[in-house]
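> File name input_9.txt; file contents compact mmCIF, C-alpha atoms; full text below.
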# COMPACT_ATOMS: atom_id res chain seq x y z
CA MET A 32 0.00 0.00 0.00
CA GLU A 33 1.32 3.43 -1.00
CA ILE A 34 0.99 5.96 1.85
CA ALA A 35 1.59 9.70 1.88
CA ALA A 36 2.30 11.00 5.39
CA LEU A 37 1.77 14.72 6.01
CA VAL A 38 4.46 15.82 8.45
CA SER A 39 5.26 19.07 10.26
CA GLY A 40 8.33 18.38 12.35
CA GLY A 41 6.26 18.12 15.52
CA VAL A 42 6.16 15.14 17.85
CA ASP A 43 2.76 13.92 16.63
CA SER A 44 3.64 13.62 12.95
CA SER A 45 7.05 12.18 13.82
CA VAL A 46 5.39 9.38 15.78
CA VAL A 47 3.03 8.86 12.82
CA VAL A 48 6.08 7.95 10.72
CA HIS A 49 7.35 5.65 13.48
CA GLN A 50 3.99 3.90 13.79
CA LEU A 51 3.69 3.41 10.04
CA LYS A 52 7.17 1.90 9.80
CA GLU A 53 6.43 -0.36 12.79
CA SER A 54 3.33 -1.57 10.92
CA GLY A 55 5.40 -2.51 7.88
CA TYR A 56 4.60 0.48 5.66
CA ASP A 57 7.08 2.64 3.78
CA PRO A 58 5.45 6.08 3.65
CA THR A 59 6.49 9.02 1.51
CA LEU A 60 6.75 12.11 3.71
CA PHE A 61 5.31 15.43 2.55
CA TYR A 62 5.93 18.81 4.13
CA ILE A 63 3.42 21.38 2.86
CA LYS A 64 4.90 24.87 2.64
CA ILE A 65 2.40 27.68 2.99
CA GLY A 66 2.52 31.17 4.38
CA MET A 67 1.11 34.67 4.36
CA GLU A 68 1.60 37.30 1.70
CA ASP A 69 3.25 40.69 2.16
CA GLU A 70 4.76 43.33 -0.11
CA HIS A 71 7.75 41.05 -0.74
CA GLY A 72 5.63 38.07 -1.73
CA TYR A 73 5.00 35.07 0.48
CA ILE A 74 6.38 34.66 3.98
CA ASP A 75 7.41 31.14 4.89
CA CYS A 76 5.82 30.69 8.29
CA PRO A 77 7.04 27.10 8.62
CA SER A 78 10.53 27.46 10.01
CA GLU A 79 13.80 25.99 8.85
CA GLU A 80 13.78 24.01 12.09
CA ASP A 81 10.65 22.18 10.93
CA ILE A 82 12.34 21.15 7.68
CA GLU A 83 15.48 20.03 9.51
CA LEU A 84 13.50 17.85 11.92
CA VAL A 85 11.48 16.24 9.13
CA THR A 86 14.71 15.62 7.21
CA LEU A 87 16.15 13.83 10.26
CA ILE A 88 13.00 11.71 10.62
CA ALA A 89 13.10 10.80 6.93
CA LYS A 90 16.75 9.73 7.20
CA LYS A 91 16.17 7.80 10.41
CA TYR A 92 13.43 5.70 8.83
CA GLY A 93 14.69 5.66 5.26
CA CYS A 94 11.66 7.46 3.84
CA ARG A 95 11.39 9.53 0.70
CA PHE A 96 10.77 13.17 1.61
CA GLU A 97 9.23 15.91 -0.53
CA GLN A 98 8.58 19.58 0.17
CA VAL A 99 5.59 20.94 -1.72
CA SER A 100 4.31 24.51 -1.92
CA LEU A 101 0.68 25.54 -1.64
CA HIS A 102 1.24 29.23 -0.91
CA GLU A 103 -1.20 30.62 -3.48
CA GLU A 104 -3.87 28.02 -2.79
CA TYR A 105 -3.70 28.69 0.94
CA TRP A 106 -4.02 32.41 0.36
CA ASP A 107 -6.91 32.07 -2.09
CA SER A 108 -8.92 29.74 0.12
CA VAL A 109 -8.04 29.89 3.82
CA VAL A 110 -6.57 33.38 4.28
CA LYS A 111 -9.19 35.18 2.18
CA TYR A 112 -11.98 33.23 3.90
CA THR A 113 -10.62 34.19 7.32
CA ILE A 114 -10.21 37.89 6.54
CA ASP A 115 -13.61 38.12 4.85
CA SER A 116 -15.29 36.43 7.82
CA VAL A 117 -13.81 38.72 10.47
CA LYS A 118 -14.62 41.82 8.39
CA ARG A 119 -18.25 40.66 8.42
CA GLY A 120 -18.16 40.31 12.20
CA LEU A 121 -18.14 36.52 12.07
CA THR A 122 -15.92 34.04 13.92
CA PRO A 123 -14.04 32.00 11.30
CA ASN A 124 -12.40 28.62 11.69
CA PRO A 125 -9.30 28.62 9.45
CA ASP A 126 -8.09 25.27 10.81
CA MET A 127 -11.29 23.60 9.63
CA MET A 128 -11.01 25.15 6.17
CA CYS A 129 -7.33 24.26 5.95
CA ASN A 130 -8.10 20.60 6.57
CA LYS A 131 -10.90 20.51 4.02
CA LEU A 132 -9.41 22.68 1.27
CA ILE A 133 -5.63 22.32 1.63
CA LYS A 134 -4.48 19.17 3.44
CA PHE A 135 -7.18 16.93 2.02
CA GLY A 136 -8.28 19.10 -0.90
CA THR A 137 -5.60 20.67 -3.06
CA PHE A 138 -2.86 18.35 -1.79
CA GLU A 139 -4.95 15.35 -2.79
CA LYS A 140 -5.56 16.72 -6.29
CA LYS A 141 -1.91 17.56 -6.92
CA TRP A 142 -0.04 14.74 -5.15
CA GLY A 143 -2.25 12.59 -2.95
CA HIS A 144 -4.13 10.91 -5.77
CA HIS A 145 -1.01 8.86 -6.48
CA PHE A 146 -1.34 7.20 -3.05
CA ASP A 147 -3.75 4.69 -1.54
CA LYS A 148 -3.90 6.45 1.83
CA ILE A 149 -3.00 9.79 3.41
CA ALA A 150 -1.75 9.62 7.00
CA THR A 151 -1.75 12.57 9.40
CA GLY A 152 -1.01 13.31 13.04
CA HIS A 153 -4.57 14.26 13.93
CA TYR A 154 -6.05 12.87 17.12
CA ALA A 155 -8.95 11.09 15.44
CA THR A 156 -9.89 7.60 14.24
CA THR A 157 -11.99 6.02 11.53
CA THR A 158 -14.58 3.32 12.02
CA GLU A 159 -15.86 1.00 9.30
CA ILE A 160 -19.52 0.00 9.57
CA ASP A 161 -21.11 -2.18 6.87
CA GLY A 162 -18.45 -1.18 4.37
CA GLU A 163 -18.73 2.56 5.08
CA VAL A 164 -15.98 4.63 6.71
CA TRP A 165 -16.97 7.03 9.50
CA LEU A 166 -14.89 9.71 11.17
CA SER A 167 -14.73 8.85 14.87
CA THR A 168 -13.21 10.26 18.02
CA SER A 169 -9.77 9.51 19.42
CA LYS A 170 -8.67 7.74 22.58
CA ASP A 171 -7.38 11.04 24.01
CA LYS A 172 -10.57 13.03 24.61
CA VAL A 173 -8.66 16.20 25.54
CA LYS A 174 -6.61 16.20 22.33
CA ASP A 175 -9.39 14.90 20.06
CA GLN A 176 -9.39 16.92 16.81
CA THR A 177 -12.51 15.64 15.11
CA TYR A 178 -14.09 19.08 15.56
CA PHE A 179 -11.50 20.51 13.14
CA LEU A 180 -12.26 17.68 10.68
CA GLY A 181 -16.02 18.24 10.75
CA GLN A 182 -16.14 19.77 7.24
CA ILE A 183 -14.36 16.99 5.34
CA GLU A 184 -16.21 14.81 2.84
CA TYR A 185 -16.64 11.07 2.47
CA MET A 186 -14.00 10.63 -0.25
CA GLN A 187 -11.54 12.38 2.05
CA VAL A 188 -12.26 10.46 5.25
CA ALA A 189 -12.31 7.14 3.39
CA LYS A 190 -8.70 7.70 2.35
CA LEU A 191 -7.36 8.95 5.68
CA MET A 192 -5.23 7.16 8.26
CA PHE A 193 -4.73 8.44 11.81
CA PRO A 194 -1.88 6.32 13.23
CA ILE A 195 -1.87 8.04 16.64
CA GLY A 196 -5.64 8.23 17.06
CA ASN A 197 -5.66 5.29 19.45
CA LEU A 198 -2.92 6.75 21.65
CA LEU A 199 -2.94 9.27 24.47
CA LYS A 200 -0.71 12.31 24.04
CA SER A 201 1.41 11.03 26.92
CA GLU A 202 1.87 7.73 25.06
CA VAL A 203 2.87 9.59 21.90
CA ARG A 204 5.49 11.53 23.84
CA GLN A 205 6.82 8.33 25.41
CA ILE A 206 7.11 6.58 22.04
CA ALA A 207 9.05 9.58 20.73
CA ILE A 208 11.41 9.49 23.73
CA ASP A 209 11.89 5.71 23.60
CA SER A 210 12.55 5.84 19.85
CA GLY A 211 15.01 8.72 20.10
CA LEU A 212 13.01 11.01 17.84
CA PRO A 213 14.52 14.52 17.56
CA SER A 214 11.10 16.13 18.15
CA ALA A 215 10.41 14.18 21.37
CA LYS A 216 10.63 17.22 23.67
CA ARG A 217 9.30 19.77 21.20
CA LYS A 218 6.36 21.88 22.36
CA ASP A 219 3.07 21.72 20.50
CA SER A 220 2.54 24.53 18.01
CA GLN A 221 -0.20 27.09 18.60
CA GLY A 222 -1.70 29.18 15.84
CA ILE A 223 -3.56 29.05 12.58
CA CYS A 224 -3.30 25.65 10.94
CA PHE A 225 0.15 25.60 9.35
CA LEU A 226 0.80 29.18 10.45
CA GLY A 227 1.91 27.92 13.83
CA LYS A 228 4.44 30.70 14.35
CA VAL A 229 1.87 33.46 13.81
CA ASN A 230 -0.24 35.02 16.56
CA TYR A 231 -3.89 35.28 15.50
CA ASN A 232 -4.19 38.99 16.35
CA ASP A 233 -0.96 39.73 14.47
CA PHE A 234 -2.38 37.81 11.52
CA ILE A 235 -5.63 39.81 11.55
CA GLY A 236 -3.81 43.11 12.16
CA ARG A 237 -1.57 42.55 9.13
CA TYR A 238 -4.59 42.71 6.82
CA LEU A 239 -7.21 44.78 8.66
CA GLY A 240 -5.08 47.12 10.74
CA GLU A 241 -6.50 48.93 13.78
CA LYS A 242 -9.55 51.14 14.27
CA GLU A 243 -10.33 52.35 17.77
CA GLY A 244 -13.86 51.78 19.01
CA LEU A 245 -15.91 51.73 22.17
CA ILE A 246 -16.47 48.92 24.65
CA VAL A 247 -19.97 49.34 26.07
CA GLU A 248 -21.66 47.56 28.98
CA LEU A 249 -24.72 45.91 27.45
CA GLU A 250 -27.11 46.38 30.38
CA THR A 251 -26.31 50.03 31.19
CA GLY A 252 -24.98 51.52 27.96
CA ASN A 253 -21.98 52.84 29.86
CA ILE A 254 -18.70 53.23 27.98
CA ILE A 255 -16.17 51.24 30.00
CA GLY A 256 -13.22 50.95 27.64
CA ARG A 257 -11.86 51.06 24.11
CA HIS A 258 -10.70 48.43 21.64
CA LYS A 259 -8.57 48.41 18.49
CA GLY A 260 -11.14 46.98 16.10
CA TYR A 261 -14.19 44.71 16.39
CA TRP A 262 -12.38 42.15 14.22
CA TYR A 263 -10.04 41.33 17.11
CA HIS A 264 -12.94 40.10 19.26
CA THR A 265 -15.36 37.20 19.17
CA ILE A 266 -18.62 36.38 20.89
CA GLY A 267 -18.01 34.73 24.25
CA GLN A 268 -14.45 36.10 24.57
CA ARG A 269 -13.33 36.77 28.14
CA LYS A 270 -9.58 37.37 27.99
CA GLY A 271 -7.76 40.17 26.22
CA LEU A 272 -10.33 42.94 26.74
CA GLY A 273 -8.13 44.98 29.08
CA LEU A 274 -10.99 45.71 31.47
CA SER A 275 -10.76 45.69 35.27
CA GLY A 276 -13.34 44.44 37.74
CA GLY A 277 -14.27 41.44 35.60
CA PRO A 278 -14.79 38.89 34.37
CA TRP A 279 -16.29 40.57 31.31
CA PHE A 280 -17.63 38.68 28.31
CA VAL A 281 -18.17 39.85 24.72
CA ILE A 282 -21.91 39.51 24.10
CA LYS A 283 -22.41 41.12 20.69
CA LYS A 284 -20.76 43.40 18.13
CA ASP A 285 -22.06 46.36 16.14
CA ILE A 286 -19.77 46.22 13.12
CA ASN A 287 -21.24 49.34 11.50
CA ARG A 288 -20.41 51.51 14.53
CA ASN A 289 -17.35 49.44 15.61
CA ILE A 290 -18.79 48.86 19.10
CA ILE A 291 -18.16 45.84 21.32
CA TYR A 292 -20.87 45.09 23.87
CA VAL A 293 -19.83 43.25 27.02
CA SER A 294 -21.54 41.93 30.13
CA LYS A 295 -20.14 41.13 33.53
CA GLY A 296 -20.21 37.87 35.46
CA TYR A 297 -20.32 34.18 34.66
CA ASP A 298 -24.09 33.69 34.65
CA THR A 299 -25.60 36.67 32.88
CA LYS A 300 -28.53 35.65 30.71
CA TYR A 301 -27.00 37.37 27.70
CA GLN A 302 -24.05 34.98 27.53
CA TYR A 303 -26.02 31.79 27.10
CA GLY A 304 -28.42 30.24 24.63
CA ASN A 305 -30.12 26.89 24.10
CA VAL A 306 -30.67 27.02 20.33
CA VAL A 307 -27.95 26.82 17.66
CA ASN A 308 -29.08 27.30 14.06
CA LEU A 309 -26.92 25.82 11.31
CA GLN A 310 -26.85 26.66 7.61
CA GLY A 311 -25.16 24.69 4.85
CA PHE A 312 -25.13 21.51 6.92
CA SER A 313 -23.22 18.69 5.27
CA PHE A 314 -22.83 15.08 6.32
CA ILE A 315 -19.42 13.41 6.12
CA THR A 316 -20.26 9.80 5.32
CA ARG A 317 -23.95 10.04 4.41
CA ASP A 318 -27.23 11.61 5.43
CA ILE A 319 -28.44 9.20 8.11
CA TRP A 320 -31.68 11.09 8.79
CA GLY A 321 -33.14 12.13 5.45
CA ASP A 322 -36.21 14.37 5.59
CA PHE A 323 -37.03 13.38 9.13
CA GLU A 324 -39.81 14.86 11.20
CA GLY A 325 -39.55 15.54 14.90
CA GLU A 326 -36.20 15.32 16.68
CA ARG A 327 -33.03 13.24 16.83
CA ASP A 328 -30.87 12.87 19.94
CA ILE A 329 -27.28 14.00 19.34
CA SER A 330 -24.03 15.11 20.93
CA PHE A 331 -22.39 18.23 19.54
CA LYS A 332 -19.66 20.85 19.89
CA ILE A 333 -19.67 24.50 18.86
CA ARG A 334 -15.93 24.85 19.50
CA HIS A 335 -12.89 22.64 20.09
CA THR A 336 -13.39 21.33 23.64
CA PRO A 337 -12.97 17.93 25.32
CA GLU A 338 -16.60 17.94 26.46
CA PHE A 339 -19.66 17.16 24.39
CA THR A 340 -22.98 18.90 24.87
CA HIS A 341 -26.11 16.80 24.49
CA GLY A 342 -29.33 17.84 22.86
CA ARG A 343 -31.71 17.27 19.99
CA ILE A 344 -31.64 18.31 16.36
CA THR A 345 -34.59 19.33 14.21
CA LYS A 346 -34.87 20.17 10.52
CA VAL A 347 -37.04 22.67 8.66
CA GLY A 348 -36.28 22.79 4.95
CA ASP A 349 -32.50 22.97 4.63
CA MET A 350 -32.08 24.48 8.09
CA TYR A 351 -30.94 22.37 11.05
CA SER A 352 -31.47 23.59 14.59
CA ILE A 353 -29.78 22.20 17.69
CA HIS A 354 -31.74 22.39 20.93
CA SER A 355 -29.24 21.99 23.75
CA ASP A 356 -30.06 20.26 27.03
CA ASP A 357 -27.87 22.81 28.83
CA PRO A 358 -27.34 26.53 28.19
CA ILE A 359 -24.30 27.16 25.96
CA GLN A 360 -21.94 30.07 26.44
CA GLY A 361 -20.61 32.11 23.52
CA ILE A 362 -22.64 30.99 20.49
CA ALA A 363 -20.77 32.80 17.70
CA ALA A 364 -22.01 33.27 14.14
CA GLY A 365 -19.49 31.98 11.62
CA GLN A 366 -18.21 29.18 13.82
CA TYR A 367 -19.27 25.61 13.12
CA GLY A 368 -21.58 23.31 14.97
CA VAL A 369 -20.22 19.77 14.63
CA ILE A 370 -22.70 16.95 15.18
CA TYR A 371 -21.88 13.53 16.67
CA ASP A 372 -23.99 10.50 17.44
CA GLU A 373 -25.62 10.38 20.86
CA ALA A 374 -22.68 8.42 22.30
CA GLY A 375 -20.14 11.00 21.09
CA LYS A 376 -18.22 8.41 19.04
CA LEU A 377 -19.08 9.01 15.36
CA CYS A 378 -18.68 12.48 13.83
CA LEU A 379 -21.63 12.91 11.48
CA GLY A 380 -21.13 16.35 9.92
CA SER A 381 -21.32 20.09 10.48
CA GLY A 382 -22.93 23.36 9.54
CA MET A 383 -22.09 27.03 10.01
CA ILE A 384 -23.71 28.81 12.96
CA ILE A 385 -25.92 31.76 11.99
Please go through the file and, once you have read it, give me the structure as structure tokens.

Amino acid sequence: MEIAALVSGGVDSSVVVHQLKESGYDPTLFYIKIGMEDEHGYIDCPSEEDIELVTLIAKKYGCRFEQVSLHEEYWDSVVKYTIDSVKRGLTPNPDMMCNKLIKFGTFEKKWGHHFDKIATGHYATTTEIDGEVWLSTSKDKVKDQTYFLGQIEYMQVAKLMFPIGNLLKSEVRQIAIDSGLPSAKRKDSQGICFLGKVNYNDFIGRYLGEKEGLIVELETGNIIGRHKGYWYHTIGQRKGLGLSGGPWFVIKKDINRNIIYVSKGYDTKYQYGNVVNLQGFSFITRDIWGDFEGERDISFKIRHTPEFTHGRITKVGDMYSIHSDDPIQGIAAGQYGVIYDEAGKLCLGSGMII
């Protein structure tokens, strides 16, 4: 079996290569180079250190290693989507789009189609039921990344391998240490998909700049602070507001007047909701409900968290609505609601929150 392994130089993808070799496979390693654009062209956000580490892993296991560039494709799909979303006052999910459009989209069309399987370091698994492949959750519930994979399609998930999906992060680290992998002690990257070296606010500021506006207490209308642009803030945000006497939460945004409305305390009624409406809902493997009437019991997430929320889903026309058993904090338009089966094992699909 011909396997393409997407690697980053981090401990997770390094252990992916180890696990594949231990299972008797001989993967070809691919490092996808992408970055942001400035007046000098494209900035390589992936560092030279990443390339060096992947090169060492490739030599250690005798794997073929290729560096491929998807700068323009990343800009045209993920970066433009992100900037457009924040300008509209929405909360984008660039990691989700990167998985769908870049890692398992453009890469597949250009290089992946030559391979039987594509392996990645995501904390996820696949489950085969009656000949169909389903995206399913990982052993490590804290690290589980199925939320970020909620927009992929059946042809993508059917070709994917997740060699560390049945391991805890601590087990992955131990395998790396025991195997003498150069990335064994490397910290996990934080940031936007492949743009792991880039702070999110720096990323947004590069393209949208700053525009001072007011921070207003929702209940009283009092001006209690100032911000540098509504695009730096998202519904439900608590940190980074620079306000004293908190906690304060972002409740809503007036993008025409560049005003951020906040409310104080953990239990204000304005922070929580029980209904999440989804547009453009798409199933990963197949539509298991059809034009159903009434309700279906589900588990779901509206952001990347270890915990599932339980509730029921209804459908009117093309619109799906989640009715949560418990109040949910920070329902943000533009984010995605990812639906799982009632047990929280199979990831069924997702839609954008409106």
> Scan for residues within 12 Å of the point (-10.4, 56.7, 30.0) in the coordinates of the file, using all atoms listed in the file, and reply as a PDB file with C-alpha atoms, keeping the file's coordinate frame.

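See selection20.pdb below for the written result:
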ATOM      1  CA  LEU A 245     -15.910  51.730  22.170  1.00  0.00           C
ATOM      2  CA  ILE A 246     -16.470  48.920  24.650  1.00  0.00           C
ATOM      3  CA  ILE A 254     -18.700  53.230  27.980  1.00  0.00           C
ATOM      4  CA  ILE A 255     -16.170  51.240  30.000  1.00  0.00           C
ATOM      5  CA  GLY A 256     -13.220  50.950  27.640  1.00  0.00           C
ATOM      6  CA  ARG A 257     -11.860  51.060  24.110  1.00  0.00           C
ATOM      7  CA  HIS A 258     -10.700  48.430  21.640  1.00  0.00           C
ATOM      8  CA  GLY A 273      -8.130  44.980  29.080  1.00  0.00           C
ATOM      9  CA  LEU A 274     -10.990  45.710  31.470  1.00  0.00           C
TER      10      LEU A 274
END
> Could you tell me how far atom CA of Gly260 of chain A lies from atom CA of Asn130 of chain A, in Å and to one decimal?
28.2 Å
> Using all atoms listed in the file, find all polymer residues with an atom at most 9 Å away from the point (0.4, 28.2, -1.9); report them as a PyMOL selection string.
chain A and resi 63-66+73+99-107
> What's the separation between atom CA of Leu51 of chain A and atom CA of Glu83 of chain A, in Å to one decimal place?
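Calculated distance between atom CA of Leu51 of chain A and atom CA of Glu83 of chain A is 20.4 Å.
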> Would you pick out the contacts of segment 296-313 of chain A at 10 Å or less, using all atoms listed in the file, so that residues sharing its chain but fewer than 2 positions from it are not included, and give the list as a ChimeraX atom specification?
/A:181-184,249-250,266-267,269,276-283,293-294,315-318,333,342-346,349-370,379-385
> Looking at A:Ile133, A:Asp372, A:Glu53, A:Tyr62, which one is nearest to Ser210 of chain A, with distances taken over all atoms listed in the file?
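With all atoms listed in the file as the atom set, the closest residue is A:Glu53.
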